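Colleague: This one is structure-v5.csv, CSV, C-alpha atoms.
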```
chain,number,residue,atom,x,y,z
A,21,MET,CA,-10.8,-24.8,-2.0
A,22,ASN,CA,-7.4,-26.4,-1.3
A,23,SER,CA,-4.7,-24.4,0.4
A,24,ARG,CA,-2.4,-24.2,-2.7
A,25,ARG,CA,-5.2,-22.8,-4.8
A,26,PHE,CA,-6.1,-20.3,-2.1
A,27,CYS,CA,-2.5,-19.1,-1.8
A,28,ILE,CA,-2.3,-18.5,-5.5
A,29,LEU,CA,-5.5,-16.5,-5.4
A,30,LEU,CA,-4.4,-14.5,-2.4
A,31,VAL,CA,-1.1,-13.6,-4.1
A,32,LEU,CA,-3.1,-12.5,-7.2
A,33,ALA,CA,-5.4,-10.4,-5.1
A,34,GLN,CA,-2.5,-8.8,-3.3
A,35,LEU,CA,-0.8,-8.0,-6.6
A,36,ALA,CA,-3.9,-6.6,-8.3
A,37,LEU,CA,-2.6,-3.4,-9.8
A,38,VAL,CA,-4.4,-0.5,-11.4
A,39,SER,CA,-2.3,0.7,-14.3
A,40,SER,CA,-2.2,3.4,-16.9
A,41,GLY,CA,0.0,2.6,-19.9
A,42,ALA,CA,3.0,0.5,-18.9
A,43,ALA,CA,3.5,2.0,-15.4
A,44,GLN,CA,1.8,0.4,-12.4
A,45,THR,CA,1.5,2.6,-9.3
A,46,THR,CA,-1.7,1.8,-7.4
A,47,GLN,CA,-1.9,-1.5,-5.5
A,48,THR,CA,-5.2,-2.7,-4.1
A,49,ILE,CA,-5.3,-5.6,-1.6
A,50,THR,CA,-8.7,-7.2,-0.7
A,51,LEU,CA,-9.1,-8.9,2.7
A,52,MET,CA,-12.3,-10.7,3.6
A,53,SER,CA,-14.0,-13.4,5.6
A,54,GLY,CA,-15.3,-16.7,4.3
A,55,ASN,CA,-12.7,-17.7,1.7
A,56,GLY,CA,-14.1,-21.1,0.8
A,57,SER,CA,-17.3,-23.2,1.2
A,58,ILE,CA,-19.7,-23.4,4.1
A,59,GLY,CA,-18.5,-25.8,6.8
A,60,SER,CA,-14.8,-25.6,5.8
A,61,GLY,CA,-12.0,-23.7,7.4
A,62,ASP,CA,-11.1,-20.3,6.1
A,63,PRO,CA,-7.5,-20.5,5.0
A,64,ALA,CA,-7.0,-16.8,5.2
A,65,VAL,CA,-8.4,-16.1,8.7
A,66,GLU,CA,-7.0,-17.5,12.0
A,67,TYR,CA,-8.6,-17.2,15.4
A,68,SER,CA,-7.3,-16.9,18.9
A,69,LEU,CA,-9.1,-17.4,22.2
A,70,ASP,CA,-6.4,-15.8,24.4
A,71,ASP,CA,-6.1,-12.3,22.9
A,72,GLY,CA,-3.5,-13.3,20.3
A,73,VAL,CA,-1.1,-15.3,22.4
A,74,THR,CA,-1.7,-18.5,20.5
A,75,TRP,CA,-3.5,-19.1,17.2
A,76,PRO,CA,-4.7,-22.7,17.3
A,77,GLY,CA,-6.5,-22.8,13.9
A,78,HIS,CA,-8.5,-21.3,11.1
A,79,ALA,CA,-11.9,-19.7,11.4
A,80,CYS,CA,-14.8,-21.8,10.2
A,81,ILE,CA,-17.1,-20.6,7.4
A,82,VAL,CA,-20.8,-20.8,8.5
A,83,ASN,CA,-24.3,-20.2,7.2
A,84,LYS,CA,-25.6,-16.8,8.3
A,85,HIS,CA,-28.2,-16.7,11.0
A,86,PRO,CA,-31.7,-15.8,9.8
A,87,ASN,CA,-31.5,-12.4,11.6
A,88,TYR,CA,-28.3,-11.4,9.9
A,89,SER,CA,-28.0,-9.2,6.9
A,90,GLY,CA,-25.6,-9.9,4.0
A,91,PRO,CA,-23.2,-11.5,3.7
A,92,ILE,CA,-21.2,-8.7,2.1
A,93,ALA,CA,-20.7,-9.4,-1.6
A,94,GLY,CA,-18.1,-12.1,-2.2
A,95,THR,CA,-17.8,-13.0,1.5
A,96,ASN,CA,-19.3,-15.5,4.0
A,97,TYR,CA,-19.8,-15.3,7.8
A,98,ILE,CA,-17.2,-17.0,10.0
A,99,ASN,CA,-17.1,-18.4,13.5
A,100,TRP,CA,-14.4,-19.9,15.5
A,101,SER,CA,-16.2,-23.2,16.2
A,102,CYS,CA,-18.3,-24.1,13.1
A,103,SER,CA,-21.4,-24.0,15.3
A,104,PHE,CA,-23.7,-21.2,16.5
A,105,LEU,CA,-24.7,-23.2,19.5
A,106,SER,CA,-21.2,-23.6,20.8
A,107,SER,CA,-20.5,-20.0,19.9
A,108,GLY,CA,-18.9,-18.7,23.1
A,109,PRO,CA,-17.1,-17.8,25.1
A,110,PHE,CA,-20.1,-15.8,26.4
A,111,GLY,CA,-19.2,-12.4,27.7
A,112,ASP,CA,-15.7,-12.6,26.2
A,113,SER,CA,-13.9,-12.0,22.9
A,114,VAL,CA,-12.4,-14.0,20.1
A,115,ARG,CA,-9.7,-12.4,18.0
A,116,TYR,CA,-9.4,-13.1,14.3
A,117,ARG,CA,-6.5,-12.1,12.0
A,118,ILE,CA,-5.6,-12.0,8.4
A,119,PRO,CA,-2.1,-11.2,7.1
A,120,PHE,CA,-1.1,-9.1,4.1
A,121,THR,CA,2.1,-7.8,2.7
A,122,LEU,CA,3.0,-4.2,1.5
A,123,PRO,CA,6.0,-3.4,-0.7
A,124,VAL,CA,8.9,-1.5,0.8
A,125,ASP,CA,8.4,1.5,-1.4
A,126,TYR,CA,4.7,2.2,-0.9
A,127,SER,CA,3.2,5.6,0.0
A,128,ASN,CA,-0.3,7.1,0.5
A,129,PRO,CA,-1.8,4.1,2.3
A,130,SER,CA,-5.5,3.8,3.0
A,131,PHE,CA,-7.6,1.2,4.7
A,132,THR,CA,-11.4,0.7,4.6
A,133,ILE,CA,-13.5,-2.2,6.1
A,134,ASP,CA,-17.2,-3.0,6.0
A,135,VAL,CA,-18.3,-5.3,8.8
A,136,HIS,CA,-21.3,-7.2,10.3
A,137,ALA,CA,-20.8,-8.6,13.7
A,138,ASP,CA,-22.8,-10.4,16.4
A,139,ASN,CA,-22.3,-8.8,18.8
A,140,VAL,CA,-19.4,-6.2,18.6
A,141,ALA,CA,-16.5,-5.9,16.3
A,142,THR,CA,-13.3,-4.0,17.2
A,143,ILE,CA,-11.1,-3.3,14.2
A,144,LEU,CA,-7.3,-3.2,14.6
A,145,LEU,CA,-4.7,-2.6,11.9
A,146,ASN,CA,-1.4,-3.8,13.3
A,147,ALA,CA,-1.2,-1.8,16.6
A,148,CYS,CA,-3.8,0.8,15.6
A,149,ASN,CA,-7.3,0.7,16.8
A,150,VAL,CA,-9.3,1.8,13.7
A,151,GLY,CA,-12.8,1.6,15.3
A,152,GLN,CA,-15.4,-0.3,17.3
A,153,GLN,CA,-19.1,-0.9,16.8
A,154,THR,CA,-21.6,0.0,19.6
A,155,PHE,CA,-20.6,-2.0,22.6
A,156,ALA,CA,-24.0,-3.5,23.2
A,157,GLU,CA,-26.1,-6.5,22.2
A,158,VAL,CA,-27.9,-4.6,19.4
A,159,VAL,CA,-29.1,-5.9,16.0
A,160,ALA,CA,-27.7,-2.8,14.2
A,161,ASN,CA,-24.2,-4.4,14.5
A,162,PHE,CA,-25.2,-7.3,12.2
A,163,GLN,CA,-27.8,-5.8,10.0
A,164,ASP,CA,-27.5,-3.6,6.8
A,165,PRO,CA,-26.0,-1.2,6.2
A,166,ALA,CA,-22.7,-2.8,7.1
A,167,GLU,CA,-20.7,-0.5,9.4
A,168,GLN,CA,-17.6,1.0,7.8
A,169,PHE,CA,-14.3,2.0,9.4
A,170,SER,CA,-11.3,3.5,7.7
A,171,THR,CA,-7.9,5.1,8.3
A,172,THR,CA,-5.1,6.8,6.3
A,173,GLN,CA,-2.8,7.2,9.3
A,174,THR,CA,0.6,6.2,7.9
A,175,SER,CA,1.9,4.8,11.3
A,176,CYS,CA,-0.8,2.1,11.1
A,177,PHE,CA,0.9,0.5,8.0
A,178,LEU,CA,4.2,-1.3,7.8
A,179,PRO,CA,6.5,-2.3,4.9
A,180,GLY,CA,6.4,-6.1,4.6
A,181,LEU,CA,4.1,-8.2,6.8
A,182,ASN,CA,0.9,-6.6,8.2
A,183,TYR,CA,-2.1,-7.9,10.1
A,184,LEU,CA,-5.7,-7.0,10.1
A,185,TYR,CA,-7.3,-8.0,13.5
A,186,VAL,CA,-11.0,-8.1,14.3
A,187,ASP,CA,-11.9,-8.7,17.9
A,188,LEU,CA,-15.4,-10.2,18.1
A,189,HIS,CA,-17.1,-9.8,21.5
A,190,ASN,CA,-20.1,-12.1,22.3
A,191,PHE,CA,-22.7,-11.3,24.9
A,192,SER,CA,-24.8,-14.5,24.5
A,193,SER,CA,-26.4,-16.9,22.0
A,194,ALA,CA,-25.3,-17.1,18.3
A,195,VAL,CA,-22.2,-15.4,17.2
A,196,ALA,CA,-20.6,-14.7,13.8
A,197,LEU,CA,-18.6,-12.2,11.8
A,198,ASP,CA,-18.6,-11.0,8.2
A,199,PHE,CA,-16.2,-8.4,6.8
A,200,LYS,CA,-14.5,-7.1,3.6
A,201,ALA,CA,-11.6,-4.7,3.7
A,202,THR,CA,-9.4,-3.0,1.1
A,203,VAL,CA,-5.9,-1.6,1.5
A,204,VAL,CA,-4.7,0.8,-1.2
A,205,VAL,CA,-1.2,2.1,-1.6
A,206,THR,CA,0.8,4.0,-4.2
A,207,VAL,CA,3.9,2.2,-5.4
A,208,GLU,CA,6.6,4.1,-7.2
A,209,THR,CA,7.6,2.8,-10.7
A,210,ALA,CA,11.3,2.5,-11.2
A,211,VAL,CA,12.6,4.3,-14.3
A,212,LEU,CA,16.1,4.9,-15.8
A,213,ILE,CA,17.8,8.2,-15.4
A,214,ASP,CA,21.2,9.6,-16.5
A,215,ILE,CA,22.7,12.6,-14.8
A,216,LYS,CA,25.0,14.6,-17.1
A,217,PRO,CA,24.3,12.3,-20.1
A,218,GLY,CA,27.5,11.2,-21.9
A,219,SER,CA,29.8,11.7,-19.0
A,220,PHE,CA,31.1,9.5,-16.2
A,221,PRO,CA,31.8,9.9,-13.4
A,222,ASN,CA,29.1,12.6,-12.9
A,223,ASN,CA,31.3,15.3,-11.4
A,224,ILE,CA,29.7,18.5,-10.2
A,225,GLY,CA,31.9,21.5,-9.2
A,226,CYS,CA,31.3,22.4,-5.5
A,227,ASN,CA,31.1,26.1,-6.4
A,228,SER,CA,29.1,25.7,-9.6
A,229,ARG,CA,26.2,28.1,-10.2
A,230,GLY,CA,24.9,26.5,-13.4
A,231,VAL,CA,22.5,23.6,-14.0
A,232,ILE,CA,22.7,19.8,-13.8
A,233,PRO,CA,21.3,18.1,-16.9
A,234,LEU,CA,19.1,15.2,-15.9
A,235,ALA,CA,17.8,12.7,-18.5
A,236,ILE,CA,14.7,10.6,-17.9
A,237,LEU,CA,15.0,7.7,-20.3
A,238,SER,CA,12.3,6.0,-22.3
A,239,THR,CA,12.3,2.2,-22.4
A,240,GLU,CA,10.0,-0.5,-23.8
A,241,GLU,CA,8.1,-0.3,-20.5
A,242,PHE,CA,8.1,3.4,-19.8
A,243,ASP,CA,7.5,6.5,-22.0
A,244,ALA,CA,9.5,9.4,-20.5
A,245,THR,CA,7.5,11.9,-22.5
A,246,THR,CA,4.5,11.3,-20.2
A,247,VAL,CA,6.4,12.9,-17.2
A,248,ASP,CA,5.0,16.1,-16.0
A,249,PRO,CA,8.0,18.5,-16.0
A,250,SER,CA,6.6,20.5,-13.1
A,251,THR,CA,6.8,17.5,-10.8
A,252,VAL,CA,10.4,16.6,-11.6
A,253,GLU,CA,12.7,16.7,-8.5
A,254,LEU,CA,16.3,15.5,-8.0
A,255,ASN,CA,17.0,15.1,-4.2
A,256,GLY,CA,14.0,17.3,-3.6
A,257,VAL,CA,15.2,20.1,-5.9
A,258,LYS,CA,12.8,21.0,-8.7
A,259,ALA,CA,13.8,21.7,-12.3
A,260,LYS,CA,14.8,25.3,-13.1
A,261,VAL,CA,11.9,27.5,-14.2
A,262,VAL,CA,12.1,30.0,-16.9
A,263,GLY,CA,9.8,32.7,-18.5
A,264,LYS,CA,7.0,34.7,-17.1
A,265,LYS,CA,4.8,31.6,-16.7
A,266,GLY,CA,7.5,29.8,-14.7
A,267,GLN,CA,7.8,26.8,-17.0
A,268,SER,CA,10.1,24.0,-16.0
A,269,MET,CA,13.3,23.9,-18.0
A,270,CYS,CA,12.8,20.5,-19.7
A,271,HIS,CA,12.8,19.4,-23.3
A,272,LEU,CA,12.5,16.2,-25.3
A,273,GLU,CA,15.3,14.5,-27.2
A,274,ASP,CA,16.8,11.1,-27.9
A,275,VAL,CA,19.6,11.3,-25.4
A,276,ASP,CA,20.8,7.7,-25.7
A,277,SER,CA,20.3,7.4,-29.5
A,278,ASP,CA,18.0,4.3,-29.2
A,279,GLY,CA,15.2,5.7,-31.3
A,280,ASP,CA,13.0,6.6,-28.3
A,281,THR,CA,12.3,10.1,-27.1
A,282,ASP,CA,13.7,11.0,-23.7
A,283,MET,CA,13.1,14.0,-21.4
A,284,VAL,CA,16.0,16.2,-20.2
A,285,CYS,CA,15.5,18.6,-17.3
A,286,HIS,CA,17.9,21.1,-15.8
A,287,ILE,CA,18.4,21.2,-12.1
A,288,PRO,CA,19.8,24.4,-10.4
A,289,THR,CA,23.2,23.4,-9.1
A,290,ILE,CA,23.2,26.0,-6.3
A,291,ASP,CA,20.1,24.4,-4.8
A,292,PHE,CA,21.3,20.8,-5.2
A,293,LEU,CA,24.9,21.1,-3.8
A,294,MET,CA,25.8,19.8,-0.4
A,295,ASP,CA,28.4,21.5,1.8
A,296,GLY,CA,32.0,20.6,1.1
A,297,CYS,CA,33.7,18.8,-1.8
A,298,ASP,CA,35.0,15.3,-2.6
A,299,ILE,CA,31.6,13.9,-1.7
A,300,SER,CA,29.9,11.1,-3.6
A,301,GLU,CA,26.2,10.4,-3.2
A,302,THR,CA,23.2,8.8,-4.8
A,303,ALA,CA,20.8,11.3,-6.4
A,304,ILE,CA,17.1,10.3,-6.4
A,305,LEU,CA,14.6,11.4,-9.1
A,306,ARG,CA,11.0,11.6,-8.1
A,307,ALA,CA,8.3,12.7,-10.5
A,308,GLN,CA,4.7,12.0,-11.7
A,309,THR,CA,3.4,11.4,-15.1
A,310,SER,CA,0.5,13.4,-16.6
A,311,ALA,CA,-1.8,10.5,-15.5
A,312,GLY,CA,-0.6,10.9,-11.8
A,313,GLU,CA,1.7,7.8,-11.7
A,314,HIS,CA,4.6,8.1,-9.3
A,315,VAL,CA,8.1,7.4,-10.7
A,316,VAL,CA,11.5,7.1,-9.1
A,317,GLY,CA,15.0,6.7,-10.5
A,318,GLN,CA,18.6,7.0,-9.2
A,319,ASP,CA,22.1,7.8,-10.4
A,320,THR,CA,25.4,8.8,-8.7
A,321,VAL,CA,27.1,12.2,-8.5
A,322,ARG,CA,30.3,13.4,-7.1
A,323,ILE,CA,30.8,16.9,-5.7
A,324,VAL,CA,34.4,17.9,-6.6
A,325,PRO,CA,36.7,20.9,-6.4
A,326,GLU,CA,36.4,23.2,-9.4
A,327,THR,CA,39.9,22.2,-10.6
A,328,GLU,CA,38.8,18.7,-11.4
```
Once more with this new file: its structure as structure tokens, please.
Modeller:
Amino acid sequence: MNSRRFCILLVLAQLALVSSGAAQTTQTITLMSGNGSIGSGDPAVEYSLDDGVTWPGHACIVNKHPNYSGPIAGTNYINWSCSFLSSGPFGDSVRYRIPFTLPVDYSNPSFTIDVHADNVATILLNACNVGQQTFAEVVANFQDPAEQFSTTQTSCFLPGLNYLYVDLHNFSSAVALDFKATVVVTVETAVLIDIKPGSFPNNIGCNSRGVIPLAILSTEEFDATTVDPSTVELNGVKAKVVGKKGQSMCHLEDVDSDGDTDMVCHIPTIDFLMDGCDISETAILRAQTSAGEHVVGQDTVRIVPETE
């Protein structure tokens, strides 16, 4: 597989989105060893012989040893040298890494990896130690079932560039590594909103005790009627609730007269206001659809004296 084709496939894998309707909010990234043919370099995985100080090249894709299980579906075993016989360094470790990129606005990250390793794999996600196999020359480390490690610790993940590292310790003889990992994050879908529809600027009296009308607009890509009113928040303030059942004060109408049905919710002003007047700020909507998709939108407001 040439490097250009691999790059295209990697981008497609990293942008594989699970969608419901037009919105797309769950992104799954697959990271694995053995991206290519036996005997070739793995364009996704680099190796280091000095604990990550330098990265002289790409891991080599190798045939599995007769004693090994797997490989894990869709993967191949890798080695730093393309040879089991020159597999060293004995009694030391080789570090492997594979990069991936997360969007700036992700949330709810999770990471899971299945691994076979001869002899011991230590899994790191950026600076986090996710787990380590039994530190011994035991066949269980490279036989089925593959050992699994996971984390949902948010501090292990970064917006932008991330690295999965696997340190492979070798005691003696043959050495190889086989892994498949998935990273799953929630990505908020951007939607259009209009605070105080029909007015601009969006002035709000600093002593107001009413409500702020907030319109969530439907477009060709997004149906505002799918929003769950109970999840609507503007700068963290939920829509006003009414009635014995505490229903959110939201209704459907075509606010912008474009033929699409929009949702209008009413936010309690007393909970929304900041201290002081003559303040302009960006107000952020966050909500979920009935299918659990996360949406975000923004508009500007100005807190003004009541005389304006």
Colleague: Residues at most 8 Å from Leu144 of chain A, counting only C-alpha atoms, excluding those fewer than 6 positions away in the same chain, as a ChimeraX atom specification?
Modeller: /A:150-151,184-187
Colleague: How many Å separate atom CA of Thr142 of chain A from atom CA of Val195 of chain A?
Modeller: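 We find that atom CA of Thr142 of chain A and atom CA of Val195 of chain A lie 14.5 Å from each other.
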Colleague: Quick one: residues within 7 Å of Lys200 of chain A, all atoms listed in the file counted, chain neighbours fewer than 5 positions away excluded, as a ChimeraX atom specification?
Modeller: /A:51-53,133-135
Colleague: I need every residue sitting at most 12 Å from the point (13.2, 17.0, -6.2) (coordinates as in the file, only C-alpha atoms considered), written as a list in words.
Modeller: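 The residues near that point, listed by chain and number, are Leu234, Pro249, Ser250, Thr251, Val252, Glu253, Leu254, Asn255, Gly256, Val257, Lys258, Ala259, Lys260, Cys285, His286, Ile287, Pro288, Asp291, Phe292, Ala303, Ile304, Leu305, Arg306, Ala307, Gln308, Val315, Val316, Gly317 and Gln318 of chain A.
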Colleague: Grab the residues selected above and save them as a compact mmCIF listing (two decimals), keeping the file's coordinate frame with C-alpha atoms.
Modeller:
```
# COMPACT_ATOMS: atom_id res chain seq x y z
CA LEU A 234 19.10 15.20 -15.90
CA PRO A 249 8.00 18.50 -16.00
CA SER A 250 6.60 20.50 -13.10
CA THR A 251 6.80 17.50 -10.80
CA VAL A 252 10.40 16.60 -11.60
CA GLU A 253 12.70 16.70 -8.50
CA LEU A 254 16.30 15.50 -8.00
CA ASN A 255 17.00 15.10 -4.20
CA GLY A 256 14.00 17.30 -3.60
CA VAL A 257 15.20 20.10 -5.90
CA LYS A 258 12.80 21.00 -8.70
CA ALA A 259 13.80 21.70 -12.30
CA LYS A 260 14.80 25.30 -13.10
CA CYS A 285 15.50 18.60 -17.30
CA HIS A 286 17.90 21.10 -15.80
CA ILE A 287 18.40 21.20 -12.10
CA PRO A 288 19.80 24.40 -10.40
CA ASP A 291 20.10 24.40 -4.80
CA PHE A 292 21.30 20.80 -5.20
CA ALA A 303 20.80 11.30 -6.40
CA ILE A 304 17.10 10.30 -6.40
CA LEU A 305 14.60 11.40 -9.10
CA ARG A 306 11.00 11.60 -8.10
CA ALA A 307 8.30 12.70 -10.50
CA GLN A 308 4.70 12.00 -11.70
CA VAL A 315 8.10 7.40 -10.70
CA VAL A 316 11.50 7.10 -9.10
CA GLY A 317 15.00 6.70 -10.50
CA GLN A 318 18.60 7.00 -9.20
```
Colleague: Report the distance between atom CA of Ser68 of chain A and atom CA of Cys80 of chain A in Å, rounded to one decimal place.
Modeller: 12.5 Å
Colleague: For Asn227 of chain A, which residue among A:Pro325, A:Gly72, A:Gly77, A:Gly111 is the nearest when counting only C-alpha atoms?
Modeller: A:Pro325
Colleague: Mind giving me the straight-line distance from atom CA of Thr174 of chain A to atom CA of Thr48 of chain A in Å, one decimal?
Modeller: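 Those two atoms sit 16.0 Å apart.
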Colleague: Could you check which of A:Cys148, A:Asp198, A:Cys102, A:Val159 is closest to Asn55 of chain A, using only C-alpha atoms?
Modeller: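 Ranking A:Cys148, A:Asp198, A:Cys102, A:Val159 by distance to Asn55 of chain A, first place goes to A:Asp198.
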Colleague: Nearest to Glu301 of chain A among A:Val262, A:Ile224, A:Cys270, A:Ile49, with distances taken over only C-alpha atoms: which residue is it?
Modeller: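 Distance minimum relative to Glu301 of chain A lands on A:Ile224.
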